[in-house]
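Chemist: Dropping in start_30.txt, which is compact mmCIF, C-alpha atoms:
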# COMPACT_ATOMS: atom_id res chain seq x y z
CA MET A 1 83.30 41.18 148.80
CA GLU A 2 82.76 42.16 152.43
CA LEU A 3 79.16 43.36 151.91
CA ASP A 4 78.20 40.70 149.39
CA GLY A 5 74.51 39.84 149.64
CA ARG A 6 73.68 42.84 151.81
CA VAL A 7 71.33 45.70 150.95
CA ALA A 8 72.05 49.38 151.55
CA VAL A 9 69.91 52.50 151.16
CA VAL A 10 71.72 55.81 150.64
CA THR A 11 69.55 58.90 150.89
CA GLY A 12 70.62 61.73 148.61
CA GLY A 13 72.78 59.18 146.84
CA THR A 14 72.58 60.58 143.33
CA ARG A 15 75.48 63.04 143.40
CA GLY A 16 78.41 64.34 145.43
CA VAL A 17 79.12 62.62 148.73
CA GLY A 18 76.03 60.42 148.43
CA ALA A 19 77.06 59.06 145.05
CA GLY A 20 80.57 58.40 146.39
CA ILE A 21 79.07 56.41 149.25
CA ALA A 22 76.79 54.47 146.90
CA ARG A 23 79.70 53.57 144.62
CA ALA A 24 81.78 52.38 147.58
CA PHE A 25 78.96 50.08 148.68
CA LEU A 26 78.65 48.75 145.13
CA ARG A 27 82.39 47.99 145.10
CA ALA A 28 81.98 46.17 148.40
CA GLY A 29 79.35 43.89 146.85
CA ALA A 30 76.15 45.33 148.29
CA GLU A 31 72.88 45.87 146.49
CA VAL A 32 72.40 49.63 146.65
CA VAL A 33 69.26 51.76 146.48
CA VAL A 34 69.61 55.54 146.23
CA CYS A 35 66.81 58.04 146.66
CA ALA A 36 66.42 61.75 145.99
CA ARG A 37 63.75 64.10 144.76
CA ARG A 38 65.19 64.09 141.24
CA PRO A 39 66.90 61.30 139.27
CA PRO A 40 70.63 61.52 138.53
CA ASP A 41 71.82 62.70 135.13
CA GLU A 42 73.26 59.22 134.68
CA PRO A 43 72.96 56.05 136.76
CA VAL A 44 75.15 55.74 139.85
CA ALA A 45 77.37 52.80 138.99
CA ASP A 46 80.74 51.20 139.70
CA GLY A 47 82.50 48.14 138.30
CA GLY A 48 79.62 47.26 135.99
CA ARG A 49 77.08 47.32 138.83
CA GLU A 50 74.37 49.95 139.19
CA ALA A 51 72.40 51.41 142.08
CA ALA A 52 68.61 51.38 141.85
CA PHE A 53 66.98 54.82 142.03
CA HIS A 54 63.70 55.84 143.65
CA ALA A 55 62.27 59.36 143.62
CA LEU A 56 61.48 60.41 147.17
CA ASP A 57 60.86 63.53 149.27
CA LEU A 58 62.26 62.59 152.66
CA ARG A 59 60.18 65.26 154.35
CA ARG A 60 56.99 63.29 153.61
CA PRO A 61 56.68 60.40 156.09
CA GLU A 62 54.06 58.58 154.03
CA GLU A 63 56.38 58.54 151.01
CA VAL A 64 59.25 57.29 153.17
CA ALA A 65 57.14 54.42 154.51
CA ALA A 66 56.01 53.43 151.01
CA PHE A 67 59.59 53.57 149.72
CA LEU A 68 60.90 51.26 152.43
CA ALA A 69 57.99 48.88 151.86
CA ARG A 70 59.11 48.63 148.21
CA VAL A 71 62.69 47.96 149.32
CA ALA A 72 61.46 45.17 151.60
CA GLU A 73 59.31 43.69 148.83
CA ARG A 74 62.10 43.70 146.27
CA TYR A 75 65.10 42.68 148.39
CA GLY A 76 63.56 41.08 151.46
CA ARG A 77 65.97 42.83 153.81
CA LEU A 78 67.81 46.04 154.66
CA ASP A 79 71.26 45.90 156.21
CA THR A 80 72.44 49.50 156.14
CA LEU A 81 70.76 52.89 156.03
CA VAL A 82 73.05 55.81 155.21
CA ASN A 83 71.35 59.10 156.10
CA ASN A 84 73.29 61.32 153.73
CA ALA A 85 70.68 63.70 152.26
CA GLY A 86 71.00 67.26 153.50
CA GLY A 87 72.59 70.61 152.84
CA THR A 88 71.89 74.30 153.15
CA PRO A 89 72.26 77.61 151.32
CA TYR A 90 74.50 80.27 152.84
CA ARG A 91 72.23 82.52 154.86
CA LEU A 92 73.09 84.63 157.89
CA LEU A 93 70.54 84.27 160.66
CA GLY A 94 69.34 87.86 160.35
CA GLU A 95 68.86 87.55 156.61
CA GLY A 96 66.30 84.74 156.83
CA HIS A 97 63.08 84.16 158.68
CA GLY A 98 62.29 81.35 161.09
CA GLU A 99 60.53 79.15 158.57
CA GLN A 100 63.54 79.15 156.25
CA HIS A 101 65.87 78.06 159.02
CA ALA A 102 63.34 75.49 160.24
CA ARG A 103 63.28 73.86 156.80
CA VAL A 104 67.05 73.41 157.01
CA VAL A 105 66.64 71.67 160.37
CA GLU A 106 63.82 69.56 158.94
CA LEU A 107 65.96 68.27 156.07
CA ASN A 108 69.13 67.70 158.07
CA LEU A 109 67.72 66.37 161.35
CA THR A 110 64.03 65.52 161.24
CA ALA A 111 64.21 63.67 157.91
CA PRO A 112 67.02 61.31 159.03
CA LEU A 113 64.99 60.55 162.16
CA THR A 114 61.90 59.86 160.06
CA VAL A 115 63.75 57.49 157.72
CA SER A 116 65.52 55.71 160.57
CA LEU A 117 62.26 55.07 162.41
CA ALA A 118 60.62 53.77 159.24
CA ALA A 119 63.59 51.47 158.57
CA TYR A 120 63.96 50.19 162.13
CA GLU A 121 62.13 46.88 161.83
CA LEU A 122 63.99 45.95 158.64
CA LEU A 123 67.33 46.88 160.19
CA ARG A 124 66.49 45.04 163.40
CA ALA A 125 65.64 41.85 161.51
CA ALA A 126 68.97 42.00 159.66
CA ARG A 127 70.96 43.12 162.73
CA GLY A 128 72.05 45.99 160.55
CA SER A 129 73.32 49.51 161.05
CA VAL A 130 72.62 53.18 160.49
CA VAL A 131 75.32 55.58 159.31
CA MET A 132 74.57 59.25 159.85
CA ILE A 133 76.47 61.77 157.72
CA GLY A 134 77.37 64.58 160.06
CA SER A 135 79.58 67.62 159.67
CA VAL A 136 82.25 69.57 161.48
CA SER A 137 79.73 72.42 161.23
CA GLY A 138 77.98 70.72 164.13
CA THR A 139 81.11 70.80 166.30
CA ARG A 140 82.10 74.47 165.96
CA PRO A 141 80.49 77.86 165.23
CA SER A 142 78.90 77.84 161.79
CA PRO A 143 78.25 81.47 160.73
CA GLY A 144 76.13 81.66 157.60
CA THR A 145 74.94 78.08 158.09
CA ALA A 146 73.88 78.22 161.73
CA ALA A 147 70.70 76.17 161.36
CA TYR A 148 72.64 73.52 159.44
CA GLY A 149 75.31 73.37 162.13
CA ALA A 150 72.67 73.10 164.83
CA ALA A 151 70.93 70.29 162.94
CA LYS A 152 74.19 68.37 162.47
CA ALA A 153 74.99 68.72 166.16
CA GLY A 154 71.55 67.32 166.92
CA LEU A 155 72.05 64.50 164.42
CA GLU A 156 75.21 63.35 166.16
CA ASN A 157 73.46 63.34 169.53
CA LEU A 158 70.46 61.55 168.02
CA ALA A 159 72.77 58.82 166.70
CA ARG A 160 74.28 58.27 170.14
CA SER A 161 70.84 57.95 171.73
CA MET A 162 69.64 55.62 168.98
CA ALA A 163 72.73 53.46 169.47
CA VAL A 164 71.75 52.93 173.11
CA GLU A 165 68.02 52.43 172.53
CA TRP A 166 68.40 50.11 169.54
CA ALA A 167 71.26 47.96 170.82
CA PRO A 168 72.16 45.20 170.39
CA GLU A 169 70.18 44.59 167.20
CA VAL A 170 71.06 47.82 165.35
CA ARG A 171 74.35 49.72 165.44
CA VAL A 172 74.26 53.50 164.86
CA ASN A 173 77.30 55.66 164.08
CA THR A 174 78.14 59.06 162.61
CA LEU A 175 80.72 60.15 160.07
CA VAL A 176 81.68 63.74 160.88
CA LEU A 177 82.81 65.25 157.60
CA GLY A 178 85.08 68.15 156.86
CA MET A 179 85.33 69.73 153.42
CA VAL A 180 84.67 67.45 150.45
CA ARG A 181 85.42 68.12 146.80
CA THR A 182 82.27 67.57 144.74
CA GLU A 183 80.73 68.91 141.57
CA LEU A 184 79.35 71.81 143.64
CA SER A 185 82.62 72.79 145.29
CA HIS A 186 82.95 75.87 143.12
CA LEU A 187 79.83 77.33 144.77
CA HIS A 188 81.58 77.27 148.14
CA TYR A 189 85.28 77.74 147.35
CA GLY A 190 85.50 79.33 143.89
CA ASP A 191 87.51 78.20 140.88
CA ALA A 192 90.23 75.54 140.76
CA ASP A 193 92.76 77.89 142.36
CA GLY A 194 90.33 78.67 145.17
CA ILE A 195 89.64 74.99 145.78
CA ALA A 196 93.38 74.26 145.85
CA ALA A 197 93.98 77.14 148.26
CA VAL A 198 91.27 75.89 150.60
CA GLY A 199 92.74 72.38 150.36
CA ARG A 200 96.10 73.69 151.55
CA THR A 201 94.48 74.77 154.83
CA VAL A 202 93.75 71.11 155.63
CA PRO A 203 96.61 69.27 157.40
CA LEU A 204 96.52 66.46 154.81
CA GLY A 205 96.80 69.07 152.05
CA ARG A 206 93.58 68.50 150.13
CA LEU A 207 89.82 68.30 150.36
CA ALA A 208 88.28 64.87 150.82
CA GLU A 209 87.01 63.01 147.78
CA PRO A 210 83.54 61.40 147.91
CA SER A 211 85.28 58.02 147.69
CA ASP A 212 87.09 58.77 150.97
CA ILE A 213 83.74 59.17 152.67
CA GLY A 214 82.38 56.08 150.96
CA GLU A 215 85.17 53.84 152.21
CA ALA A 216 84.65 55.07 155.77
CA ALA A 217 80.91 54.37 155.50
CA VAL A 218 81.58 50.84 154.21
CA PHE A 219 83.84 50.23 157.20
CA LEU A 220 81.11 51.27 159.66
CA ALA A 221 78.60 49.04 157.86
CA SER A 222 80.91 46.03 157.76
CA ASP A 223 81.67 43.27 160.24
CA ARG A 224 85.02 44.94 160.87
CA ALA A 225 83.05 47.52 162.89
CA ALA A 226 80.92 44.93 164.69
CA TYR A 227 81.74 46.45 168.10
CA VAL A 228 81.49 50.08 166.97
CA SER A 229 78.23 51.80 167.90
CA GLY A 230 77.42 55.26 169.17
CA ALA A 231 80.71 56.47 167.72
CA SER A 232 81.57 59.62 165.78
CA LEU A 233 84.35 59.13 163.25
CA LEU A 234 86.04 62.36 162.15
CA VAL A 235 86.80 62.32 158.42
CA HIS A 236 88.27 65.78 157.98
CA GLY A 237 91.90 65.35 156.96
CA GLY A 238 93.22 66.45 160.35
CA GLY A 239 90.80 69.33 160.88
CA GLU A 240 91.60 73.02 160.82
CA ARG A 241 94.74 74.81 161.91
CA PRO A 242 93.81 76.99 164.92
CA ALA A 243 93.78 80.67 163.93
CA PHE A 244 95.62 81.73 167.09
CA LEU A 245 98.76 79.90 165.93
CA ASP A 246 99.11 82.32 163.02
CA ALA A 247 98.09 85.37 165.07
CA ALA A 248 100.42 84.78 168.04
CA THR A 249 103.83 86.48 167.99
CA VAL A 250 105.57 84.49 170.74
CA ASN A 251 107.34 82.01 168.44
CA LYS A 252 107.92 84.26 165.43
CA PRO A 253 111.37 85.62 164.50
CA THR A 254 112.26 89.03 165.96
CA ALA A 255 112.48 90.70 162.52
CA GLU A 256 109.00 89.47 161.69
CA LYS A 257 107.72 90.84 165.01
CA GLU A 258 109.29 94.26 164.35
CA SER A 259 107.88 94.46 160.85
Spit out the file's structure as structure tokens when you get a sec.
Modeler:
Amino acid sequence: MELDGRVAVVTGGTRGVGAGIARAFLRAGAEVVVCARRPPDEPVADGGREAAFHALDLRRPEEVAAFLARVAERYGRLDTLVNNAGGTPYRLLGEGHGEQHARVVELNLTAPLTVSLAAYELLRAARGSVVMIGSVSGTRPSPGTAAYGAAKAGLENLARSMAVEWAPEVRVNTLVLGMVRTELSHLHYGDADGIAAVGRTVPLGRLAEPSDIGEAAVFLASDRAAYVSGASLLVHGGGERPAFLDAATVNKPTAEKES
């Protein structure tokens, strides 16, 4: 098991992408601790092994410090921190006020910084790594989730700066995610037909599964990525087909042009 004997913390690891990451680390042999404000409906487990859960509000620095002190007391080390917790409601900029948008930035950018700073000494002692969970929303316009996109863009830049400042003891990388199929996908894409239709817009023909993200995170945490730091790994199935390709008429048949 390539992460046997190592300890990983996955924030927001109780459902969706976070649970997929936690399960991948369990399969790789790591001891896994997940945290969120509320406990999961059932334990996050894989292959007969179970992740430990701690209730935590990542926006409270004193709670974060106490949580990591408990991790250090119980396990004696921390090898990987996966900053996964985040998210946003759909809200156009003009439909919300500044404080609402600021809270989105706080959860998706300030909280990962807070946790990373609190975990630094543990990670440094283990010569460990940080994996940020970014988003393609931070690489392109993000109408309806503008504050989220801005936060994810900042998170990717933060990771690159951390990778320089914390080298060589701590590696820091970002997974830049596209669309992922989770238990909440229906809120974004509709019913099964809607999810399938959205999946067909991805070059690989489907949305990512949480396990796809988990395996990529395990790679970045493993010795196989020992020389990878300050990197952004796109996990988006090939990205999005540019809209201009469908709008342009230059390569379409003449009959189609005339119609």
Chemist: For Glu165 of chain A, please output as a list in words all residues within 12 Å (counting all atoms listed in the file; exclusion window: fewer than 4 positions along the same chain).
Modeler: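 Near neighbours after the sequence-gap exclusion: Leu117, Tyr120, Arg124, Leu158, Ala159, Arg160, Ser161, Glu169, Val170, Arg171, Val172, Ser229 and Gly230 of chain A.
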Chemist: For atom CA of Ala24 of chain A and atom CA of Leu234 of chain A, determine how far apart the two atoms are, in Å to one decimal place.
Modeler: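 Atom CA of Leu234 of chain A lies 18.2 Å from atom CA of Ala24 of chain A.
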Chemist: Which one is closest to Gly128 of chain A: A:Leu3, A:Leu26, A:Leu78, A:Leu207? Count all atoms listed in the file.
Modeler: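 Of A:Leu3, A:Leu26, A:Leu78, A:Leu207, the one nearest Gly128 of chain A is A:Leu78, counting all atoms listed in the file.
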Chemist: Would you please work out which residue, of A:Ala243, A:Leu122, A:Ala216, A:Val228, is nearest to Thr201 of chain A when using all atoms listed in the file?
Modeler: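 Answer, going by the shortest atom-to-atom distance: A:Ala243.
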Chemist: At a cut-off of 12 Å from (73.3, 47.4, 162.8) in the coordinates of the file, what residues are picked up using all atoms listed in the file, written as a ChimeraX atom specification?
Modeler: /A:6,8,78-82,116,119-131,162-164,166-173,220-223,225-230
Chemist: Show which residues sit within 12 Å of segment 177-179 of chain A, as a compact mmCIF listing (two decimals) with C-alpha atoms, keeping the file's coordinate frame. Count all atoms listed in the file, and ignore same-chain residues fewer than 6 positions away.
Modeler:
# COMPACT_ATOMS: atom_id res chain seq x y z
CA GLY A 16 78.41 64.34 145.43
CA VAL A 17 79.12 62.62 148.73
CA ASN A 84 73.29 61.32 153.73
CA MET A 132 74.57 59.25 159.85
CA ILE A 133 76.47 61.77 157.72
CA GLY A 134 77.37 64.58 160.06
CA SER A 135 79.58 67.62 159.67
CA VAL A 136 82.25 69.57 161.48
CA SER A 137 79.73 72.42 161.23
CA GLY A 138 77.98 70.72 164.13
CA THR A 139 81.11 70.80 166.30
CA ARG A 140 82.10 74.47 165.96
CA GLY A 149 75.31 73.37 162.13
CA LYS A 152 74.19 68.37 162.47
CA GLU A 156 75.21 63.35 166.16
CA SER A 185 82.62 72.79 145.29
CA HIS A 188 81.58 77.27 148.14
CA TYR A 189 85.28 77.74 147.35
CA ILE A 195 89.64 74.99 145.78
CA ALA A 196 93.38 74.26 145.85
CA VAL A 198 91.27 75.89 150.60
CA GLY A 199 92.74 72.38 150.36
CA ARG A 200 96.10 73.69 151.55
CA THR A 201 94.48 74.77 154.83
CA VAL A 202 93.75 71.11 155.63
CA PRO A 203 96.61 69.27 157.40
CA LEU A 204 96.52 66.46 154.81
CA GLY A 205 96.80 69.07 152.05
CA ARG A 206 93.58 68.50 150.13
CA LEU A 207 89.82 68.30 150.36
CA ALA A 208 88.28 64.87 150.82
CA GLU A 209 87.01 63.01 147.78
CA PRO A 210 83.54 61.40 147.91
CA ASP A 212 87.09 58.77 150.97
CA ILE A 213 83.74 59.17 152.67
CA GLY A 214 82.38 56.08 150.96
CA ALA A 216 84.65 55.07 155.77
CA ALA A 217 80.91 54.37 155.50
CA SER A 232 81.57 59.62 165.78
CA LEU A 233 84.35 59.13 163.25
CA LEU A 234 86.04 62.36 162.15
CA VAL A 235 86.80 62.32 158.42
CA HIS A 236 88.27 65.78 157.98
CA GLY A 237 91.90 65.35 156.96
CA GLY A 238 93.22 66.45 160.35
CA GLY A 239 90.80 69.33 160.88
CA GLU A 240 91.60 73.02 160.82
Chemist: Rounded to one decimal place, report the atom CA of Ala102 of chain A-atom CA of Thr145 of chain A distance in Å.
Modeler: 12.1 Å
